[in-house]
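**Q** File data-v3.cif below, mmCIF, C-alpha atoms:
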```cif
data_query
#
loop_
_atom_site.label_atom_id
_atom_site.label_comp_id
_atom_site.auth_asym_id
_atom_site.auth_seq_id
_atom_site.Cartn_x
_atom_site.Cartn_y
_atom_site.Cartn_z
CA MET A 1 117.67 165.52 143.08
CA ASN A 2 118.83 166.37 139.61
CA VAL A 3 117.34 169.64 138.40
CA ASP A 4 116.38 168.10 135.05
CA ALA A 5 114.25 165.54 136.88
CA LEU A 6 112.69 168.32 138.94
CA PHE A 7 111.57 170.29 135.90
CA LYS A 8 110.29 167.15 134.23
CA GLN A 9 108.10 166.54 137.28
CA LEU A 10 107.01 170.18 137.42
CA ASP A 11 105.94 170.29 133.76
CA LYS A 12 105.15 174.02 133.97
CA GLU A 13 105.65 176.85 131.47
CA PHE A 14 105.90 180.08 133.49
CA PHE A 15 108.47 180.84 136.19
CA THR A 16 109.19 184.01 138.12
CA GLY A 17 111.39 184.58 141.14
CA VAL A 18 114.22 186.23 143.01
CA PRO A 19 117.57 184.43 142.51
CA ASP A 20 118.88 182.46 145.49
CA SER A 21 122.31 180.85 145.86
CA LEU A 22 120.81 177.71 147.39
CA LEU A 23 118.51 177.40 144.38
CA ARG A 24 121.42 177.99 141.98
CA PRO A 25 120.63 174.80 139.99
CA VAL A 26 117.08 176.07 139.41
CA CYS A 27 118.32 179.51 138.33
CA ASP A 28 120.96 177.98 136.05
CA TYR A 29 118.42 175.69 134.40
CA LEU A 30 115.94 178.50 133.80
CA MET A 31 118.57 180.83 132.35
CA LYS A 32 119.78 178.09 130.02
CA GLU A 33 116.34 176.90 128.88
CA LYS A 34 114.27 180.11 128.98
CA GLY A 35 116.66 183.02 129.52
CA ILE A 36 114.91 186.20 130.63
CA SER A 37 111.70 186.01 128.65
CA HIS A 38 107.92 185.95 128.83
CA GLU A 39 108.29 182.46 130.34
CA HIS A 40 110.88 183.46 132.95
CA VAL A 41 110.79 186.78 134.78
CA ILE A 42 113.31 187.81 137.45
CA ALA A 43 111.52 190.25 139.76
CA ALA A 44 112.64 192.98 142.17
CA ASN A 45 110.98 191.24 145.12
CA GLU A 46 108.98 188.15 145.93
CA GLY A 47 105.67 189.99 146.30
CA ASN A 48 105.96 191.16 142.69
CA CYS A 49 106.45 187.52 141.68
CA VAL A 50 103.17 186.49 143.29
CA GLY A 51 101.35 189.31 141.49
CA MET A 52 102.75 188.22 138.14
CA ALA A 53 101.98 184.58 138.92
CA ALA A 54 98.36 185.49 139.67
CA GLY A 55 98.07 187.49 136.46
CA TYR A 56 99.54 184.63 134.46
CA TYR A 57 97.03 182.16 135.88
CA LEU A 58 94.07 184.48 135.30
CA ALA A 59 95.17 185.09 131.70
CA THR A 60 96.01 181.50 130.77
CA GLY A 61 94.46 179.13 133.30
CA LYS A 62 97.91 177.54 133.68
CA ILE A 63 99.68 177.08 137.02
CA PRO A 64 102.70 179.36 137.66
CA VAL A 65 105.87 178.62 139.63
CA VAL A 66 107.56 181.14 141.94
CA TYR A 67 111.09 180.57 143.30
CA LEU A 68 112.61 182.35 146.30
CA GLN A 69 114.82 182.07 149.35
CA ASN A 70 112.89 181.50 152.59
CA SER A 71 113.86 185.03 153.70
CA GLY A 72 111.37 186.24 151.08
CA ILE A 73 108.35 184.50 152.62
CA GLY A 74 107.44 187.72 154.42
CA ASN A 75 107.20 189.48 151.06
CA ILE A 76 104.77 186.91 149.64
CA ALA A 77 102.51 186.84 152.70
CA ASN A 78 100.15 189.68 151.77
CA PRO A 79 99.50 188.78 148.11
CA VAL A 80 99.17 185.09 148.98
CA ILE A 81 96.68 185.80 151.77
CA SER A 82 94.64 188.49 150.01
CA LEU A 83 94.81 187.22 146.44
CA LEU A 84 95.74 183.56 146.00
CA ASN A 85 94.12 181.95 149.03
CA GLN A 86 91.28 179.50 148.45
CA GLN A 87 88.93 181.70 150.51
CA VAL A 88 89.63 184.61 148.15
CA TYR A 89 90.27 183.84 144.44
CA GLU A 90 91.58 180.26 144.62
CA ILE A 91 94.62 180.87 142.46
CA PRO A 92 96.94 177.82 142.45
CA CYS A 93 100.66 178.47 142.65
CA LEU A 94 103.71 176.34 143.30
CA PHE A 95 106.62 177.82 145.28
CA LEU A 96 110.22 176.58 145.16
CA VAL A 97 111.85 177.71 148.40
CA GLY A 98 115.53 177.57 149.40
CA TRP A 99 115.76 176.66 153.09
CA ARG A 100 118.48 178.80 154.60
CA GLY A 101 119.01 178.53 158.36
CA GLU A 102 117.83 174.95 158.62
CA PRO A 103 118.05 173.99 162.33
CA GLY A 104 121.23 172.06 163.06
CA MET A 105 123.00 173.34 159.94
CA LYS A 106 125.72 176.00 160.01
CA ASP A 107 124.56 179.21 158.33
CA GLU A 108 124.68 183.00 158.60
CA PRO A 109 123.18 184.45 161.84
CA GLN A 110 120.42 186.34 160.02
CA HIS A 111 119.01 183.06 158.68
CA SER A 112 118.73 181.20 162.00
CA PHE A 113 115.27 182.26 163.20
CA GLN A 114 113.85 182.40 159.69
CA GLY A 115 115.02 178.84 159.19
CA MET A 116 113.30 177.71 162.38
CA ILE A 117 109.90 179.10 161.39
CA THR A 118 109.97 178.53 157.61
CA HIS A 119 107.47 175.66 157.47
CA GLN A 120 105.18 177.22 160.06
CA LEU A 121 105.13 180.54 158.19
CA LEU A 122 104.18 178.84 154.95
CA SER A 123 101.44 176.85 156.66
CA ASP A 124 100.09 179.97 158.39
CA ILE A 125 99.54 181.72 155.06
CA GLY A 126 97.89 178.67 153.54
CA VAL A 127 100.84 177.28 151.58
CA VAL A 128 101.39 173.56 152.21
CA PRO A 129 105.15 172.85 152.57
CA PHE A 130 106.99 169.71 151.49
CA THR A 131 110.68 169.24 152.30
CA ILE A 132 113.09 167.96 149.66
CA ARG A 133 116.39 166.65 151.05
CA GLU A 134 119.49 165.16 149.48
CA THR A 135 118.34 161.82 150.94
CA THR A 136 114.76 162.02 149.62
CA SER A 137 114.16 158.86 147.59
CA PRO A 138 112.50 158.71 144.15
CA GLU A 139 109.50 156.98 145.73
CA GLU A 140 109.18 159.77 148.30
CA LEU A 141 109.44 162.37 145.55
CA ASP A 142 106.67 160.71 143.57
CA CYS A 143 104.46 160.76 146.65
CA ILE A 144 105.24 164.44 147.28
CA PHE A 145 104.46 165.43 143.69
CA GLN A 146 101.19 163.53 143.77
CA GLN A 147 100.14 165.54 146.82
CA VAL A 148 101.37 168.80 145.26
CA HIS A 149 99.44 168.27 142.03
CA SER A 150 96.33 167.35 144.00
CA LEU A 151 96.54 170.63 145.95
CA LEU A 152 97.13 172.71 142.82
CA ASP A 153 94.18 171.08 141.06
CA LYS A 154 91.99 172.30 143.93
CA GLY A 155 93.16 175.92 143.65
CA ARG A 156 95.54 175.61 146.60
CA GLN A 157 99.19 176.63 147.00
CA ALA A 158 102.12 174.33 147.79
CA ALA A 159 105.83 174.80 148.40
CA LEU A 160 108.78 172.54 147.77
CA VAL A 161 111.32 173.50 150.44
CA PHE A 162 114.83 172.52 149.38
CA THR A 163 117.63 171.90 151.85
CA ALA A 164 121.27 172.64 151.02
CA ASP A 165 122.70 170.19 148.46
CA SER A 166 119.28 168.66 147.73
CA LEU A 167 119.45 169.95 144.14
CA VAL A 168 122.24 169.27 141.69
CA ASN A 169 122.90 170.51 138.18
CA SER A 170 125.53 168.97 135.94
CA GLU A 171 125.98 172.19 133.97
CA LYS A 172 126.50 175.59 135.62
CA GLN A 173 125.34 178.65 133.76
CA ILE A 174 127.87 181.41 133.04
CA TYR A 175 126.37 184.82 133.81
CA LYS A 176 127.71 187.75 131.82
CA ASN A 177 126.66 190.90 129.99
CA GLU A 178 128.18 193.66 127.92
CA PHE A 179 128.23 196.29 130.68
CA LEU A 180 131.69 197.70 131.35
CA LEU A 181 131.12 198.71 134.98
CA LYS A 182 131.48 195.76 137.36
CA ARG A 183 129.41 195.57 140.55
CA GLU A 184 132.41 195.59 142.91
CA ARG A 185 133.89 198.62 141.14
CA ALA A 186 130.56 200.45 141.52
CA ILE A 187 130.59 199.72 145.26
CA GLN A 188 134.19 200.88 145.46
CA MET A 189 133.35 204.17 143.75
CA ILE A 190 130.49 204.79 146.17
CA LEU A 191 132.68 204.06 149.20
CA GLU A 192 135.39 206.41 147.92
CA ARG A 193 132.89 209.29 147.98
CA THR A 194 131.26 208.69 151.35
CA GLY A 195 134.13 209.89 153.50
CA GLU A 196 133.41 209.25 157.17
CA ASP A 197 129.67 208.74 156.63
CA VAL A 198 128.05 205.74 158.25
CA ILE A 199 127.55 202.86 155.80
CA VAL A 200 124.49 200.65 156.16
CA ALA A 201 124.42 197.52 153.98
CA SER A 202 121.59 195.07 153.62
CA THR A 203 122.03 191.45 154.65
CA GLY A 204 123.29 189.23 151.88
CA LYS A 205 126.11 189.29 149.37
CA ILE A 206 126.36 193.07 149.11
CA SER A 207 127.21 193.46 152.81
CA ARG A 208 130.23 191.19 152.36
CA GLU A 209 131.33 193.10 149.27
CA VAL A 210 131.06 196.43 151.12
CA LEU A 211 133.38 195.09 153.81
CA ARG A 212 135.77 193.61 151.26
CA CYS A 213 135.91 196.73 149.09
CA GLY A 214 136.23 199.15 151.98
CA ASN A 215 139.71 199.78 153.34
CA ARG A 216 138.92 199.82 157.03
CA GLU A 217 142.36 201.15 157.98
CA GLU A 218 141.80 204.38 156.05
CA ARG A 219 138.04 204.77 156.36
CA SER A 220 135.54 203.98 159.09
CA ILE A 221 132.69 201.64 158.26
CA LYS A 222 131.00 202.17 161.58
CA ARG A 223 128.26 199.59 161.29
CA THR A 224 127.22 197.04 158.71
CA PHE A 225 123.96 195.12 159.00
#
```
Can you give me the file's structure in the form of structure tokens?
**A**
Amino acid sequence: MNVDALFKQLDKEFFTGVPDSLLRPVCDYLMKEKGISHEHVIAANEGNCVGMAAGYYLATGKIPVVYLQNSGIGNIANPVISLLNQQVYEIPCLFLVGWRGEPGMKDEPQHSFQGMITHQLLSDIGVVPFTIRETTSPEELDCIFQQVHSLLDKGRQAALVFTADSLVNSEKQIYKNEFLLKRERAIQMILERTGEDVIVASTGKISREVLRCGNREERSIKRTF
């Protein structure tokens, strides 16, 4: 699905989320069209996104969109259950979810179980999931969006769960700023000062950069998660 067609179908004004490599076309589109602004907020975690989405709806009456990797579903669980749910305040919200660890697809080990339970987790917290694949036809998409809009109109929550390669963007966004210190150099400087201390890195990109920046022949990175 082309990302331009996706946003045309969404027809929403406010977006907040945590960047995800699988949702790169979504992130690129938002940075190009909205930048970082009052219409597009990049948050520290997914739970913060849900809080902002709820505030936006209460202030404007308009439906917000939250984007995240499926590893962030745990972070949205509490605010969705205790704030958005139809048995609480009936705050509609649409989630765009990158499906890492899809069963049968090669992925990083930490995504495997999360990928298996993604749809069940969403359903358990009251968010109705719909899967978008590379092979999803325009007719199927129209049917999905009809169901999504119907749920949102009733104060419910829905999620579009995107598989790898299901979204395409003809124009990639170039990310840059005026800061002189690069991320990898910052990691390198930290590693140079830790001596023989144990290094614990979170899952994700930073763990790979820690391993790449660290000279394991001269220093001991005893365990990386």
**Q** Can you give me, as a list in words, the residues this file yields under the PyMOL selection byres ((chain A and resi 114) around 10)?
**A**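 Output from the PyMOL selection byres ((chain A and resi 114) around 10), applied to this file: Asn70, Ser71, Gly72, Ile73, Gly74, Trp99, Arg100, Gly101, Glu102, Pro103, Pro109, Gln110, His111, Ser112, Phe113, Gly115, Met116, Ile117, Thr118, His119 and Leu121 of chain A.
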**Q** Can those selected residues be exported to a file as a PDB file, in the coordinates of the input so that it contains C-alpha atoms?
**A**
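As written to disk, part_25.pdb reads:
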```pdb
ATOM      1  CA  ASN A  70     112.890 181.500 152.590  1.00  0.00           C
ATOM      2  CA  SER A  71     113.860 185.030 153.700  1.00  0.00           C
ATOM      3  CA  GLY A  72     111.370 186.240 151.080  1.00  0.00           C
ATOM      4  CA  ILE A  73     108.350 184.500 152.620  1.00  0.00           C
ATOM      5  CA  GLY A  74     107.440 187.720 154.420  1.00  0.00           C
ATOM      6  CA  TRP A  99     115.760 176.660 153.090  1.00  0.00           C
ATOM      7  CA  ARG A 100     118.480 178.800 154.600  1.00  0.00           C
ATOM      8  CA  GLY A 101     119.010 178.530 158.360  1.00  0.00           C
ATOM      9  CA  GLU A 102     117.830 174.950 158.620  1.00  0.00           C
ATOM     10  CA  PRO A 103     118.050 173.990 162.330  1.00  0.00           C
ATOM     11  CA  PRO A 109     123.180 184.450 161.840  1.00  0.00           C
ATOM     12  CA  GLN A 110     120.420 186.340 160.020  1.00  0.00           C
ATOM     13  CA  HIS A 111     119.010 183.060 158.680  1.00  0.00           C
ATOM     14  CA  SER A 112     118.730 181.200 162.000  1.00  0.00           C
ATOM     15  CA  PHE A 113     115.270 182.260 163.200  1.00  0.00           C
ATOM     16  CA  GLY A 115     115.020 178.840 159.190  1.00  0.00           C
ATOM     17  CA  MET A 116     113.300 177.710 162.380  1.00  0.00           C
ATOM     18  CA  ILE A 117     109.900 179.100 161.390  1.00  0.00           C
ATOM     19  CA  THR A 118     109.970 178.530 157.610  1.00  0.00           C
ATOM     20  CA  HIS A 119     107.470 175.660 157.470  1.00  0.00           C
ATOM     21  CA  LEU A 121     105.130 180.540 158.190  1.00  0.00           C
TER      22      LEU A 121
END
```
**Q** Using 8 Å of padding on each side, determine the axis-aligned box around all atoms of range 106-121 of chain A present in the file and give its centre and edge lengths in Å to one decimal, as AutoDock Vina command-line options.
**A**
```
--center_x 115.4 --center_y 181.0 --center_z 160.3 --size_x 36.6 --size_y 26.7 --size_z 21.7
```
**Q** With a distance cut-off of 9 Å and only C-alpha atoms, select the neighbouring residues of range 29-44 of chain A, excluding the residue or stretch itself and same-chain residues fewer than 4 positions from it, and output the selection as a list of chain:residue names.
**A**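 Listing them by chain and then by number gives A:Val3, A:Asp4, A:Phe7, A:Glu13, A:Phe14, A:Phe15, A:Thr16, A:Gly17, A:Val18, A:Pro19, A:Arg24, A:Pro25, A:Asn48, A:Cys49, A:Met52, A:Asn169, A:Glu171, A:Lys172, A:Gln173, A:Tyr175.
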**Q** Env of Lys62 in chain A: 9 Å cut, atoms = all atoms listed in the file, seq-sep filter 3 positions within chain, self excluded. Answer as a list in words.
**A** Lys12, Glu13, Phe14, Tyr56, Tyr57, Leu58, Ala59 and Pro92 of chain A
**Q** So that I have them on file, write out the residues from the current selection with C-alpha atoms, as an mmCIF file, in the frame of the given file.
**A**
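The resulting file, out_16.cif, is shown below:
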```cif
data_model
loop_
_atom_site.group_PDB
_atom_site.id
_atom_site.type_symbol
_atom_site.label_atom_id
_atom_site.label_comp_id
_atom_site.auth_asym_id
_atom_site.auth_seq_id
_atom_site.Cartn_x
_atom_site.Cartn_y
_atom_site.Cartn_z
ATOM 1 C CA LYS A 12 105.150 174.020 133.970
ATOM 2 C CA GLU A 13 105.650 176.850 131.470
ATOM 3 C CA PHE A 14 105.900 180.080 133.490
ATOM 4 C CA TYR A 56 99.540 184.630 134.460
ATOM 5 C CA TYR A 57 97.030 182.160 135.880
ATOM 6 C CA LEU A 58 94.070 184.480 135.300
ATOM 7 C CA ALA A 59 95.170 185.090 131.700
ATOM 8 C CA PRO A 92 96.940 177.820 142.450
#
```
**Q** With only C-alpha atoms as the basis for distance, which of A:Gly195, A:Pro64, A:Gly98, A:Gly51 is at the shortest distance from Ser166 in chain A?
**A**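 The closest residue to Ser166 in chain A is A:Gly98.
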**Q** Work out how far apart CA of Phe145 in chain A and CA of Asn78 in chain A are and give it in Å to one decimal.
**A** 25.9 Å
**Q** Counting all atoms listed in the file, which residue out of A:Gln86, A:Thr131, A:Ser123, A:Ser137 sits closest to Asn2 in chain A?
**A**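 Of A:Gln86, A:Thr131, A:Ser123, A:Ser137, the one nearest Asn2 in chain A, counting all atoms listed in the file, is A:Ser137.
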**Q** Pick out the closest residue to Ala186 in chain A from this set: A:Ala159, A:Ile206, A:Val127, A:Leu83. Count only C-alpha atoms.
**A**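 Closest residue, counting only C-alpha atoms: A:Ile206.
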**Q** Got a sec to resolve the PyMOL selection byres ((chain A and resi 89) around 12) on this structure and send the residues as a VMD selection string?
**A** chain A and resid 54 to 55 57 to 58 79 to 88 90 to 93 154 to 157
**Q** Ile144 in chain A: which residues within 9 Å, counting all atoms listed in the file, same-chain residues fewer than 4 positions away excluded, as a list in words?
**A**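 These residues fall inside the cut-off: Phe130, Thr131, Ile132, Glu139, Glu140, Val148, His149 and Leu160 of chain A.
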**Q** Just how far from CA of Leu22 in chain A is CA of Asp165 in chain A, in Å to one decimal?
**A**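 Answer for the CA of Asp165 in chain A to CA of Leu22 in chain A separation: 7.8 Å.
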**Q** For the atom pair CA of Leu96 in chain A and CA of Asp11 in chain A, what is the interatomic distance in Å to one decimal place?
**A**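 We find that CA of Leu96 in chain A and CA of Asp11 in chain A lie 13.7 Å from each other.
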**Q** Check the smallest atom-to-atom distance from each of A:Leu180, A:Ile187, A:Val200, A:Gln9 to Cys143 in chain A using only C-alpha atoms, then report the winner.
**A**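 Going through A:Leu180, A:Ile187, A:Val200, A:Gln9 one by one, the smallest distance to Cys143 in chain A is for A:Gln9.
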